[in-house]
>>> print(open('structure_18.cif').read())   # mmCIF, C-alpha atoms
data_target
#
loop_
_atom_site.label_atom_id
_atom_site.label_comp_id
_atom_site.auth_asym_id
_atom_site.auth_seq_id
_atom_site.Cartn_x
_atom_site.Cartn_y
_atom_site.Cartn_z
CA MET A 28 0.00 0.00 0.00
CA HIS A 29 -0.25 0.20 -1.03
CA ILE A 30 1.80 -1.04 -2.78
CA ALA A 31 3.01 1.20 -4.31
CA ARG A 32 2.22 0.27 -0.57
CA ALA A 33 5.61 0.29 -2.15
CA ALA A 34 5.10 -0.89 -1.72
CA ARG A 35 1.34 0.19 -1.59
CA SER A 36 0.27 0.61 -1.05
CA ASN A 37 -1.60 -0.28 -2.44
CA LEU A 38 -2.55 -1.89 -2.97
CA VAL A 39 -5.07 -1.76 -6.30
CA ARG A 40 -2.28 0.84 -6.97
CA LEU A 41 -3.29 2.24 -10.31
CA GLY A 42 -3.00 5.64 -11.93
CA ALA A 43 0.67 6.01 -12.78
CA VAL A 44 1.77 9.54 -13.39
CA THR A 45 5.15 11.08 -13.98
CA LEU A 46 7.04 12.66 -11.13
CA ALA A 47 6.81 15.99 -12.81
CA SER A 48 3.05 15.85 -13.05
CA VAL A 49 2.77 14.90 -9.38
CA LEU A 50 4.86 17.90 -8.40
CA LEU A 51 2.69 20.19 -10.46
CA ALA A 52 -0.51 18.69 -9.11
CA ALA A 53 0.73 18.88 -5.55
CA CYS A 54 1.82 22.48 -5.96
CA GLY A 55 -1.54 23.33 -7.48
CA SER A 56 -3.62 21.75 -4.74
CA GLY A 57 -1.31 21.81 -1.74
CA SER A 58 -0.29 24.48 0.67
CA THR A 59 -1.87 27.31 -1.26
CA GLY A 60 -5.25 25.89 -0.26
CA THR A 61 -8.63 26.70 -1.67
CA GLY A 62 -10.67 27.68 1.35
CA GLN A 63 -13.30 30.23 0.39
CA SER A 64 -14.97 32.90 2.46
CA ASN A 65 -18.28 31.04 2.24
CA GLY A 66 -16.87 28.20 4.37
CA GLU A 67 -16.18 25.81 1.53
CA VAL A 68 -12.86 23.98 1.77
CA THR A 69 -10.95 21.89 -0.76
CA LEU A 70 -8.73 19.31 0.91
CA SER A 71 -5.78 18.00 -1.08
CA ILE A 72 -4.50 14.49 -0.43
CA ASP A 73 -1.29 13.23 -2.04
CA LEU A 74 -0.65 9.49 -2.11
CA PHE A 75 1.47 6.82 -3.77
CA GLY A 76 -0.23 4.08 -5.73
CA THR A 77 -3.88 3.84 -4.84
CA PHE A 78 -4.97 3.54 -1.23
CA GLY A 79 -8.44 2.55 -2.41
CA PHE A 80 -10.33 5.51 -0.94
CA LYS A 81 -11.48 6.79 -4.30
CA GLU A 82 -12.18 3.30 -5.70
CA ALA A 83 -14.31 2.39 -2.67
CA GLY A 84 -16.34 5.59 -3.01
CA LEU A 85 -15.24 6.96 0.35
CA TYR A 86 -14.43 10.46 -0.88
CA LYS A 87 -17.90 10.86 -2.37
CA GLU A 88 -19.45 9.52 0.81
CA TYR A 89 -17.50 11.99 2.95
CA GLU A 90 -18.35 14.90 0.67
CA LYS A 91 -22.02 13.98 0.93
CA LEU A 92 -21.76 13.99 4.73
CA HIS A 93 -19.83 17.28 4.62
CA PRO A 94 -21.23 19.44 1.76
CA ASN A 95 -18.67 22.17 2.43
CA ILE A 96 -15.74 19.79 1.75
CA THR A 97 -14.28 18.88 -1.65
CA ILE A 98 -11.49 16.29 -1.82
CA LYS A 99 -8.84 16.29 -4.54
CA GLN A 100 -6.33 13.47 -4.75
CA THR A 101 -3.01 13.18 -6.58
CA ASP A 102 -0.95 10.01 -6.62
CA THR A 103 2.28 8.45 -7.85
CA GLU A 104 2.54 4.75 -8.63
CA GLN A 105 6.19 4.34 -7.60
CA GLU A 106 6.59 4.95 -3.86
CA GLN A 107 10.28 5.80 -4.16
CA ASN A 108 9.45 8.58 -6.61
CA TYR A 109 6.74 9.84 -4.29
CA TRP A 110 9.11 9.85 -1.32
CA LYS A 111 11.79 11.81 -3.17
CA SER A 112 9.20 14.37 -4.22
CA LEU A 113 7.85 14.63 -0.67
CA GLN A 114 11.34 15.17 0.75
CA THR A 115 11.99 17.95 -1.76
CA ARG A 116 8.77 19.71 -0.83
CA LEU A 117 9.31 19.28 2.92
CA ALA A 118 12.76 20.82 2.58
CA GLY A 119 11.39 23.73 0.54
CA GLY A 120 8.33 24.20 2.69
CA GLY A 121 5.91 24.48 -0.24
CA GLY A 122 3.80 22.39 -2.58
CA LEU A 123 2.59 20.11 0.21
CA ALA A 124 -0.89 18.64 0.30
CA ASP A 125 -3.18 18.91 3.32
CA ILE A 126 -2.72 15.16 3.79
CA GLN A 127 0.33 13.12 2.79
CA GLY A 128 0.54 9.34 2.68
CA VAL A 129 3.51 7.63 4.35
CA GLU A 130 4.63 4.06 3.62
CA ILE A 131 5.25 1.82 6.63
CA GLY A 132 8.92 1.55 5.63
CA ARG A 133 9.21 5.35 5.98
CA ILE A 134 7.13 5.99 9.07
CA THR A 135 10.03 5.45 11.48
CA SER A 136 12.04 8.04 9.57
CA VAL A 137 9.14 10.50 9.82
CA ALA A 138 8.57 9.81 13.53
CA GLN A 139 12.23 9.98 14.53
CA LEU A 140 13.69 12.53 12.13
CA GLN A 141 10.86 14.67 10.75
CA SER A 142 8.20 14.90 13.44
CA ASP A 143 8.71 18.67 13.50
CA LYS A 144 7.44 18.87 9.93
CA PHE A 145 4.15 17.11 10.66
CA GLU A 146 1.25 17.82 12.97
CA ASP A 147 1.03 16.03 16.31
CA LEU A 148 -2.38 14.42 15.91
CA ASP A 149 -2.74 14.14 19.67
CA ALA A 150 -3.42 17.88 19.62
CA TYR A 151 -6.67 17.05 17.78
CA GLY A 152 -7.73 14.23 20.09
CA ALA A 153 -6.06 11.25 18.38
CA ALA A 154 -5.32 9.60 21.75
CA LYS A 155 -8.97 8.55 21.90
CA LEU A 156 -8.41 6.44 18.76
CA LYS A 157 -5.46 4.44 20.09
CA LYS A 158 -7.67 1.59 21.25
CA ASN A 159 -8.81 0.99 17.66
CA PHE A 160 -5.36 0.13 16.35
CA THR A 161 -2.91 -2.70 16.85
CA ALA A 162 -0.04 -1.77 19.17
CA SER A 163 2.58 -2.05 16.42
CA LYS A 164 0.60 0.12 14.02
CA TRP A 165 0.12 2.88 16.57
CA GLY A 166 3.61 2.67 18.04
CA ALA A 167 5.43 2.99 14.71
CA ALA A 168 3.90 6.44 14.16
CA THR A 169 4.71 7.73 17.63
CA ALA A 170 7.77 9.96 18.05
CA LYS A 171 10.09 9.82 21.07
CA ASN A 172 8.38 12.88 22.54
CA GLY A 173 4.99 11.15 22.27
CA ALA A 174 3.79 13.02 19.18
CA VAL A 175 1.56 10.97 16.87
CA VAL A 176 2.57 11.75 13.28
CA GLY A 177 0.07 9.60 11.40
CA LEU A 178 -3.02 7.41 11.56
CA GLY A 179 -2.74 3.91 10.13
CA THR A 180 -4.67 2.88 7.06
CA ASP A 181 -4.11 -0.80 6.31
CA ASN A 182 -1.76 -3.68 7.11
CA GLY A 183 -0.15 -6.02 4.60
CA PRO A 184 -0.62 -9.63 5.82
CA GLU A 185 0.51 -11.98 3.10
CA ALA A 186 -0.82 -14.96 1.17
CA MET A 187 -0.15 -16.50 -2.26
CA CYS A 188 -2.28 -15.51 -5.25
CA TYR A 189 -2.22 -17.92 -8.18
CA ARG A 190 -3.78 -18.61 -11.56
CA THR A 191 -5.78 -21.84 -11.35
CA ASP A 192 -6.08 -22.13 -15.13
CA LEU A 193 -2.32 -21.98 -15.67
CA LEU A 194 -1.56 -24.47 -12.91
CA LYS A 195 -4.15 -26.85 -14.28
CA LYS A 196 -2.63 -26.68 -17.77
CA ALA A 197 0.78 -27.42 -16.28
CA GLY A 198 -0.57 -30.52 -14.56
CA LEU A 199 -0.34 -29.13 -11.03
CA PRO A 200 -3.02 -29.14 -8.32
CA THR A 201 -5.25 -26.08 -8.00
CA ASP A 202 -6.89 -26.70 -4.61
CA ARG A 203 -5.73 -23.99 -2.20
CA ASP A 204 -5.33 -26.35 0.77
CA GLU A 205 -3.34 -28.90 -1.21
CA LEU A 206 -1.09 -26.20 -2.61
CA ALA A 207 -0.51 -24.81 0.85
CA LYS A 208 0.85 -28.23 1.86
CA ARG A 209 3.00 -28.54 -1.27
CA TRP A 210 4.60 -25.14 -0.73
CA ALA A 211 4.63 -25.18 3.07
CA THR A 212 8.26 -24.02 2.82
CA TRP A 213 9.87 -21.63 0.34
CA GLN A 214 12.07 -24.45 -0.87
CA GLY A 215 8.92 -26.44 -1.57
CA TYR A 216 7.55 -23.46 -3.48
CA ILE A 217 10.66 -23.27 -5.66
CA ASP A 218 10.64 -27.05 -6.24
CA LEU A 219 7.01 -26.86 -7.36
CA GLY A 220 8.04 -24.02 -9.65
CA ARG A 221 10.58 -26.29 -11.32
CA GLN A 222 7.76 -28.75 -12.03
CA TYR A 223 5.63 -25.96 -13.44
CA LYS A 224 8.40 -24.86 -15.77
CA LYS A 225 8.51 -28.30 -17.41
CA ASN A 226 4.94 -27.94 -18.69
CA ALA A 227 4.33 -24.22 -18.43
CA PRO A 228 1.57 -23.06 -20.81
CA GLY A 229 2.78 -20.60 -23.40
CA LYS A 230 5.76 -18.64 -22.18
CA SER A 231 4.41 -18.12 -18.69
CA ALA A 232 6.76 -17.96 -15.72
CA TRP A 233 6.27 -19.35 -12.24
CA ILE A 234 6.57 -15.94 -10.58
CA ASP A 235 6.69 -12.35 -11.77
CA SER A 236 10.07 -11.43 -10.27
CA VAL A 237 12.43 -12.81 -7.64
CA ARG A 238 11.89 -9.53 -5.83
CA SER A 239 8.53 -10.97 -4.79
CA ILE A 240 10.28 -13.91 -3.13
CA TYR A 241 12.82 -11.69 -1.41
CA THR A 242 10.29 -9.19 -0.07
CA ASN A 243 8.01 -11.84 1.36
CA VAL A 244 10.69 -14.03 2.93
CA ALA A 245 12.29 -10.94 4.48
CA GLY A 246 8.90 -9.92 5.85
CA GLN A 247 8.53 -13.08 7.90
CA SER A 248 11.03 -12.34 10.67
CA LYS A 249 11.12 -9.81 13.48
CA GLU A 250 14.64 -8.60 12.69
CA ARG A 251 15.50 -7.74 9.13
CA TYR A 252 17.62 -4.63 8.56
CA TYR A 253 17.87 -3.26 12.11
CA ASP A 254 18.26 -4.75 15.57
CA PRO A 255 16.26 -3.56 18.62
CA SER A 256 18.90 -0.94 19.46
CA GLY A 257 18.48 0.70 16.04
CA LYS A 258 21.76 -0.65 14.66
CA LEU A 259 21.85 -1.43 10.93
CA ILE A 260 22.49 -5.19 10.63
CA TRP A 261 21.31 -6.11 7.15
CA GLU A 262 24.67 -7.49 5.98
CA THR A 263 24.80 -10.06 8.77
CA SER A 264 21.06 -10.70 9.06
CA PRO A 265 20.15 -14.42 8.69
CA THR A 266 16.73 -13.33 7.43
CA VAL A 267 18.22 -11.20 4.64
CA ARG A 268 20.66 -13.95 3.65
CA GLN A 269 17.91 -16.59 3.50
CA ALA A 270 15.69 -14.33 1.41
CA TRP A 271 18.61 -13.49 -0.87
CA ASP A 272 19.70 -17.10 -1.41
CA LEU A 273 16.18 -18.31 -2.19
CA SER A 274 15.70 -15.45 -4.65
CA VAL A 275 18.99 -16.20 -6.40
CA GLU A 276 18.08 -19.89 -6.62
CA ALA A 277 14.76 -19.05 -8.26
CA ALA A 278 16.52 -16.73 -10.73
CA HIS A 279 19.10 -19.37 -11.66
CA ALA A 280 16.31 -21.93 -12.13
CA GLY A 281 14.63 -19.67 -14.66
CA LEU A 282 11.41 -19.41 -12.68
CA SER A 283 11.07 -15.64 -12.90
CA GLY A 284 9.40 -13.52 -15.53
CA SER A 285 12.04 -10.84 -14.78
CA LEU A 286 9.34 -8.21 -14.65
CA ASP A 287 10.00 -4.83 -13.06
CA GLN A 288 7.24 -4.46 -10.50
CA TRP A 289 4.88 -1.51 -11.01
CA SER A 290 6.11 -1.05 -14.59
CA PRO A 291 3.74 -1.00 -17.59
CA SER A 292 4.99 -4.45 -18.69
CA TRP A 293 4.27 -5.84 -15.23
CA ASN A 294 0.78 -4.37 -15.30
CA GLN A 295 0.10 -5.87 -18.72
CA ALA A 296 1.34 -9.28 -17.56
CA PHE A 297 -1.65 -9.73 -15.25
CA ALA A 298 -4.11 -9.76 -18.12
CA ALA A 299 -1.76 -11.70 -20.40
CA GLY A 300 -1.28 -14.56 -17.93
CA SER A 301 2.49 -14.14 -18.00
CA PHE A 302 3.07 -15.70 -14.57
CA ALA A 303 1.27 -18.29 -12.47
CA THR A 304 1.87 -17.24 -8.87
CA LEU A 305 2.36 -14.02 -6.96
CA PRO A 306 3.03 -13.62 -3.23
CA CYS A 307 0.38 -11.07 -2.38
CA PRO A 308 -0.29 -8.86 0.61
CA ALA A 309 -3.98 -8.15 1.06
CA TRP A 310 -3.79 -4.83 -0.78
CA MET A 311 -2.52 -6.61 -3.88
CA LEU A 312 -5.94 -8.18 -4.49
CA GLY A 313 -7.38 -4.90 -5.64
CA TYR A 314 -4.37 -4.27 -7.83
CA ILE A 315 -4.76 -7.65 -9.52
CA LYS A 316 -8.43 -6.96 -10.18
CA GLY A 317 -7.58 -3.61 -11.71
CA GLN A 318 -4.92 -5.01 -14.02
CA ALA A 319 -6.39 -8.41 -14.93
CA GLY A 320 -9.87 -6.97 -15.43
CA LYS A 321 -13.17 -8.80 -15.74
CA SER A 322 -11.62 -11.57 -17.83
CA GLY A 323 -9.51 -12.61 -14.84
CA ALA A 324 -12.49 -13.22 -12.55
CA GLY A 325 -12.58 -16.83 -11.37
CA LYS A 326 -9.12 -17.60 -12.77
CA TRP A 327 -7.35 -16.46 -9.62
CA ASP A 328 -7.35 -18.03 -6.16
CA VAL A 329 -5.59 -17.40 -2.84
CA ALA A 330 -3.73 -19.85 -0.59
CA LYS A 331 -1.55 -19.71 2.50
CA LEU A 332 1.91 -18.25 1.93
CA PRO A 333 5.01 -20.51 2.15
CA GLY A 334 6.98 -20.33 5.36
CA ARG A 335 5.82 -18.27 8.31
CA ALA A 336 3.25 -15.51 8.29
CA GLY A 337 4.57 -12.14 7.21
CA ASN A 338 3.66 -8.57 6.45
CA TRP A 339 4.37 -6.45 3.37
CA GLY A 340 3.27 -2.86 3.45
CA GLY A 341 0.63 -0.84 5.16
CA SER A 342 0.57 2.93 5.29
CA TYR A 343 -0.32 6.07 7.23
CA LEU A 344 -1.99 9.42 6.64
CA SER A 345 -0.14 12.45 7.99
CA ILE A 346 -0.74 16.20 8.04
CA PRO A 347 2.17 18.52 7.17
CA ARG A 348 2.65 21.56 9.37
CA MET A 349 2.26 23.66 6.22
CA SER A 350 -1.32 22.51 5.65
CA PRO A 351 -3.74 25.47 5.69
CA HIS A 352 -6.64 23.19 6.68
CA LYS A 353 -5.26 21.15 9.56
CA LYS A 354 -8.49 20.68 11.51
CA GLU A 355 -10.49 19.68 8.44
CA ALA A 356 -7.65 17.39 7.34
CA TYR A 357 -7.63 15.65 10.71
CA GLU A 358 -11.38 15.08 10.60
CA LEU A 359 -10.99 13.48 7.19
CA ILE A 360 -8.14 11.12 8.10
CA LYS A 361 -9.92 10.19 11.33
CA TRP A 362 -12.96 9.21 9.28
CA LEU A 363 -10.97 7.40 6.55
CA THR A 364 -9.10 5.27 9.10
CA ALA A 365 -12.12 4.53 11.30
CA PRO A 366 -13.19 0.85 11.67
CA GLU A 367 -16.27 1.33 9.48
CA GLN A 368 -14.26 2.70 6.55
CA GLN A 369 -11.45 0.16 6.94
CA THR A 370 -14.08 -2.57 6.78
CA LYS A 371 -15.49 -1.15 3.55
CA LEU A 372 -12.01 -0.87 2.03
CA PHE A 373 -11.27 -4.55 2.63
CA GLN A 374 -14.61 -5.71 1.32
CA LYS A 375 -14.42 -3.52 -1.79
CA VAL A 376 -10.72 -3.37 -2.72
CA GLY A 377 -8.92 -5.84 -0.44
CA ASN A 378 -6.91 -3.52 1.83
CA PHE A 379 -6.66 -5.40 5.12
CA PRO A 380 -7.53 -3.34 8.21
CA SER A 381 -5.11 -2.15 10.87
CA SER A 382 -8.16 -1.41 13.01
CA ILE A 383 -8.93 -4.11 15.58
CA PRO A 384 -12.75 -3.75 15.36
CA ALA A 385 -12.54 -3.85 11.55
CA ILE A 386 -10.39 -7.01 11.60
CA GLU A 387 -13.11 -8.71 13.62
CA LYS A 388 -15.80 -7.58 11.18
CA VAL A 389 -14.13 -8.94 8.04
CA ALA A 390 -13.32 -12.43 9.37
CA ASP A 391 -15.93 -14.17 7.20
CA THR A 392 -15.29 -12.22 3.99
CA LYS A 393 -14.93 -14.19 0.75
CA ASP A 394 -13.99 -12.85 -2.69
CA PRO A 395 -15.88 -14.12 -5.76
CA TYR A 396 -13.19 -12.75 -8.09
CA PHE A 397 -10.63 -15.01 -6.41
CA SER A 398 -12.68 -18.20 -6.73
CA ASN A 399 -14.58 -17.36 -3.55
CA ALA A 400 -11.40 -17.62 -1.49
CA PRO A 401 -11.93 -17.05 2.26
CA ILE A 402 -9.75 -13.93 2.26
CA GLY A 403 -10.98 -12.74 5.65
CA ARG A 404 -9.75 -15.94 7.30
CA LEU A 405 -6.55 -16.25 5.24
CA PHE A 406 -5.34 -12.71 5.79
CA GLY A 407 -6.76 -12.50 9.30
CA THR A 408 -4.75 -15.54 10.38
CA ALA A 409 -1.65 -14.13 8.72
CA ALA A 410 -2.15 -10.81 10.50
CA GLU A 411 -2.39 -12.56 13.87
CA GLN A 412 0.73 -14.66 13.28
CA ALA A 413 2.95 -12.10 11.52
CA PRO A 414 5.85 -10.85 13.65
CA VAL A 415 6.00 -7.24 14.79
CA GLN A 416 8.99 -6.16 12.74
CA ILE A 417 11.71 -3.84 13.95
CA LEU A 418 11.74 -0.85 11.62
CA GLY A 419 14.59 1.59 11.11
CA VAL A 420 14.89 5.03 9.60
CA ASN A 421 16.27 3.68 6.30
CA ASP A 422 14.28 0.46 5.93
CA GLN A 423 12.88 1.32 2.53
CA ASP A 424 16.25 2.49 1.18
CA VAL A 425 17.92 -0.79 2.11
CA GLN A 426 15.03 -2.74 0.61
CA GLU A 427 15.25 -0.91 -2.71
CA GLN A 428 19.01 -1.38 -3.08
CA ILE A 429 18.74 -5.12 -2.46
CA ALA A 430 15.90 -5.34 -4.95
CA LYS A 431 18.01 -3.56 -7.58
CA ALA A 432 20.86 -6.01 -7.03
CA LEU A 433 18.56 -9.01 -7.37
CA PHE A 434 17.21 -7.55 -10.59
CA GLU A 435 20.77 -7.73 -11.96
CA VAL A 436 20.87 -11.44 -11.10
CA GLU A 437 17.68 -12.31 -12.94
CA ARG A 438 18.07 -9.90 -15.86
CA LYS A 439 21.82 -9.78 -16.49
CA GLY A 440 23.00 -13.06 -15.00
CA THR A 441 25.19 -11.24 -12.49
CA SER A 442 26.71 -13.65 -9.97
CA SER A 443 25.31 -13.71 -6.46
CA SER A 444 28.56 -12.46 -4.92
CA ALA A 445 28.94 -9.59 -7.39
CA ALA A 446 25.30 -8.55 -6.97
CA TRP A 447 25.66 -8.66 -3.19
CA GLY A 448 28.64 -6.34 -3.49
CA ASN A 449 26.57 -3.99 -5.62
CA ALA A 450 23.82 -4.04 -3.00
CA ARG A 451 26.37 -3.09 -0.34
CA LYS A 452 27.60 -0.15 -2.44
CA GLY A 453 24.03 0.90 -3.17
CA VAL A 454 23.08 0.96 0.50
CA GLN A 455 26.21 2.94 1.38
CA ASN A 456 25.44 5.50 -1.31
CA ALA A 457 21.77 5.70 -0.32
CA ILE A 458 22.18 6.22 3.41
CA GLY A 459 25.83 7.22 3.82
#
>>> encode(input="structure_18.cif", output="structure tokens")
Amino acid sequence: MHIARAARSNLVRLGAVTLASVLLAACGSGSTGTGQSNGEVTLSIDLFGTFGFKEAGLYKEYEKLHPNITIKQTDTEQEQNYWKSLQTRLAGGGGLADIQGVEIGRITSVAQLQSDKFEDLDAYGAAKLKKNFTASKWGAATAKNGAVVGLGTDNGPEAMCYRTDLLKKAGLPTDRDELAKRWATWQGYIDLGRQYKKNAPGKSAWIDSVRSIYTNVAGQSKERYYDPSGKLIWETSPTVRQAWDLSVEAAHAGLSGSLDQWSPSWNQAFAAGSFATLPCPAWMLGYIKGQAGKSGAGKWDVAKLPGRAGNWGGSYLSIPRMSPHKKEAYELIKWLTAPEQQTKLFQKVGNFPSSIPAIEKVADTKDPYFSNAPIGRLFGTAAEQAPVQILGVNDQDVQEQIAKALFEVERKGTSSSAAWGNARKGVQNAIG
């Protein structure tokens, strides 16, 4: 969250625009504001990917409840582009929207290093909402001085999405419970992929990109890039090494479609049936529906993810200090992140709630598009079992550099050792 909730966020995560157009849109609808003397207010909200608010009809619903409010959204599909743009505008003090989205991999950086640039939501009564959120979701957005810099939207519990028609043509089982047993471990998943490759229909791959394997394996442990003291440990992390080695193995086995996630070719691959499986956080369901379209309905299913339960993504809504409509912005994000709206988002676009009451409400949800998969139970169980990960100020930067290095392995045939060295250099350049 969405994907794009890088991840995101997001989820569904449609509507790619260039960085330049986002900057222009943000400048046009951001800190300059459009409050009129007659009490009418236009609230600007700048996001990455698609958080699902527009798609679920929540903006229209809020505007109907508040006739004096008009909501205008801008978004960027690539989270890293969005983040760079946001940092530029925060440094310059202009062009900011009333509400800015923040990826979970960035929220620690905002809370620890940039809390002075965002409103403390406790000043508007946010403390009353704490009981609605999981402890990890609330805690990640809390600065050392107690300031709350964002309200959580969704979480990213993970499962495995797969094309039943492609697996059937390759002579593999399609039952979600049987598959969950076959790929109970990531090694089992890769071994099943080797079987798929032998009879793969057309030119389809087993998985879209080895980045998907890396991200999901790395999301299944408490410690990943930082230890509890805040020390950067990614180079010696057993979790990172396991995720790396499995990804390299899949690349060498030719199981990957070598697709650059969030790119136009990746988007087109959903409808074309270019890959059979995709590790998917809950927010990815909406994205798949958006890209595969009506013709994909009933061809997809969802099963338990290999290995342990994990989390990929989840985001926050924050209010920059430069917002001219802080009170109105707070009322909107309070409403958007309330249990009732989080429930609607999951039922309509697949974004799994971070709200405890909402999690309870969606337990029995099934999705006809995904062969009536019990998504409420699958993602709910994953959310309960997923570890509370230790996040650091440069989590997302480390993640992106490792992903770039793995892309060299699957695209260029770069050796594992050489690519690892490139990842090390990339991280050093990114964070100093």
>>> resolve_selection(input="structure_18.cif", expression="the PyMOL selection byres ((chain A and resi 96) around 8)", output="PyMOL selection string")
chain A and resi 67-70+90+93-95+97-98
>>> atom_distance(input="structure_18.cif", atom1="CA of Thr364 (chain A)", atom2="CA of Glu130 (chain A)")
14.8 Å
>>> closest_residue(input="structure_18.cif", among="A:Phe397, A:Tyr189, A:Trp261, A:Tyr252", to="Arg451 (chain A)", atoms="only C-alpha atoms")
A:Trp261
>>> residues_near_point(input="structure_18.cif", point="(17.7, -13.1, 3.7)", cutoff="10 Å", atoms="only C-alpha atoms", output="ChimeraX atom specification")
/A:241-242,244-246,248,251-252,261-274
>>> atom_distance(input="structure_18.cif", atom1="CA of Arg190 (chain A)", atom2="CA of Thr304 (chain A)")
6.4 Å
>>> resolve_selection(input="structure_18.cif", expression="the PyMOL selection byres ((chain A and resi 349-351) around 6)", output="PDB file with C-alpha atoms, in the coordinates of the input")
ATOM      1  CA  SER A  58      -0.290  24.480   0.670  1.00  0.00           C
ATOM      2  CA  ASP A 125      -3.180  18.910   3.320  1.00  0.00           C
ATOM      3  CA  PRO A 347       2.170  18.520   7.170  1.00  0.00           C
ATOM      4  CA  ARG A 348       2.650  21.560   9.370  1.00  0.00           C
ATOM      5  CA  HIS A 352      -6.640  23.190   6.680  1.00  0.00           C
ATOM      6  CA  LYS A 353      -5.260  21.150   9.560  1.00  0.00           C
TER       7      LYS A 353
END
>>> atom_distance(input="structure_18.cif", atom1="CA of Lys361 (chain A)", atom2="CA of Ala153 (chain A)")
8.1 Å
>>> residues_near_point(input="structure_18.cif", point="(-8.4, -5.8, -6.4)", cutoff="8 Å", atoms="all atoms listed in the file", output="list in words")
Leu38, Val39, Trp310, Met311, Leu312, Gly313, Tyr314, Ile315, Lys316, Gly317, Lys375, Val376 and Gly377 of chain A
>>> residues_around(input="structure_18.cif", residues="region 224-228 of chain A", least_positions_apart="6", cutoff="12 Å", atoms="all atoms listed in the file", output="PDB file with C-alpha atoms, keeping the file's coordinate frame")
ATOM      1  CA  ARG A 190      -3.780 -18.610 -11.560  1.00  0.00           C
ATOM      2  CA  ASP A 192      -6.080 -22.130 -15.130  1.00  0.00           C
ATOM      3  CA  LEU A 193      -2.320 -21.980 -15.670  1.00  0.00           C
ATOM      4  CA  LEU A 194      -1.560 -24.470 -12.910  1.00  0.00           C
ATOM      5  CA  LYS A 195      -4.150 -26.850 -14.280  1.00  0.00           C
ATOM      6  CA  LYS A 196      -2.630 -26.680 -17.770  1.00  0.00           C
ATOM      7  CA  ALA A 197       0.780 -27.420 -16.280  1.00  0.00           C
ATOM      8  CA  GLY A 198      -0.570 -30.520 -14.560  1.00  0.00           C
ATOM      9  CA  LEU A 199      -0.340 -29.130 -11.030  1.00  0.00           C
ATOM     10  CA  ILE A 217      10.660 -23.270  -5.660  1.00  0.00           C
ATOM     11  CA  ASP A 218      10.640 -27.050  -6.240  1.00  0.00           C
ATOM     12  CA  ILE A 234       6.570 -15.940 -10.580  1.00  0.00           C
ATOM     13  CA  ALA A 277      14.760 -19.050  -8.260  1.00  0.00           C
ATOM     14  CA  ALA A 280      16.310 -21.930 -12.130  1.00  0.00           C
ATOM     15  CA  GLY A 281      14.630 -19.670 -14.660  1.00  0.00           C
ATOM     16  CA  LEU A 282      11.410 -19.410 -12.680  1.00  0.00           C
ATOM     17  CA  SER A 283      11.070 -15.640 -12.900  1.00  0.00           C
ATOM     18  CA  GLY A 284       9.400 -13.520 -15.530  1.00  0.00           C
ATOM     19  CA  ALA A 299      -1.760 -11.700 -20.400  1.00  0.00           C
ATOM     20  CA  GLY A 300      -1.280 -14.560 -17.930  1.00  0.00           C
ATOM     21  CA  SER A 301       2.490 -14.140 -18.000  1.00  0.00           C
ATOM     22  CA  PHE A 302       3.070 -15.700 -14.570  1.00  0.00           C
ATOM     23  CA  ALA A 303       1.270 -18.290 -12.470  1.00  0.00           C
TER      24      ALA A 303
END
>>> residues_around(input="structure_18.cif", residues="Asp391 (chain A)", least_positions_apart="5", cutoff="9 Å", atoms="only C-alpha atoms", output="list in words")
Pro401, Ile402, Gly403 and Arg404 of chain A
>>> resolve_selection(input="structure_18.cif", expression="the PyMOL selection byres ((chain A and resi 363) around 10)", output="VMD selection string")
chain A and resid 80 85 to 86 89 178 to 180 344 357 to 362 364 to 369 372
>>> decode(input="structure_18.cif", residues="region 238-245 of chain A", atoms="N, CA and C atoms", output="short mmCIF file (atom, residue, chain, number, x, y, z; two decimals), in the first residue's frame")
data_model
loop_
_atom_site.label_atom_id
_atom_site.label_comp_id
_atom_site.auth_asym_id
_atom_site.auth_seq_id
_atom_site.Cartn_x
_atom_site.Cartn_y
_atom_site.Cartn_z
N ARG A 238 12.12 -10.53 -6.87
CA ARG A 238 11.89 -9.53 -5.83
C ARG A 238 10.71 -9.92 -4.96
N SER A 239 9.70 -10.55 -5.55
CA SER A 239 8.53 -10.97 -4.79
C SER A 239 8.92 -12.00 -3.73
N ILE A 240 9.82 -12.92 -4.10
CA ILE A 240 10.28 -13.91 -3.13
C ILE A 240 11.05 -13.21 -2.02
N TYR A 241 11.99 -12.36 -2.40
CA TYR A 241 12.82 -11.69 -1.41
C TYR A 241 11.97 -10.89 -0.41
N THR A 242 11.09 -10.07 -0.93
CA THR A 242 10.29 -9.19 -0.07
C THR A 242 9.47 -9.97 0.93
N ASN A 243 8.88 -11.07 0.48
CA ASN A 243 8.01 -11.84 1.36
C ASN A 243 8.77 -12.68 2.37
N VAL A 244 9.88 -13.28 1.97
CA VAL A 244 10.69 -14.03 2.93
C VAL A 244 11.25 -13.07 3.99
N ALA A 245 11.73 -11.91 3.55
CA ALA A 245 12.29 -10.94 4.48
C ALA A 245 11.24 -10.37 5.42
#
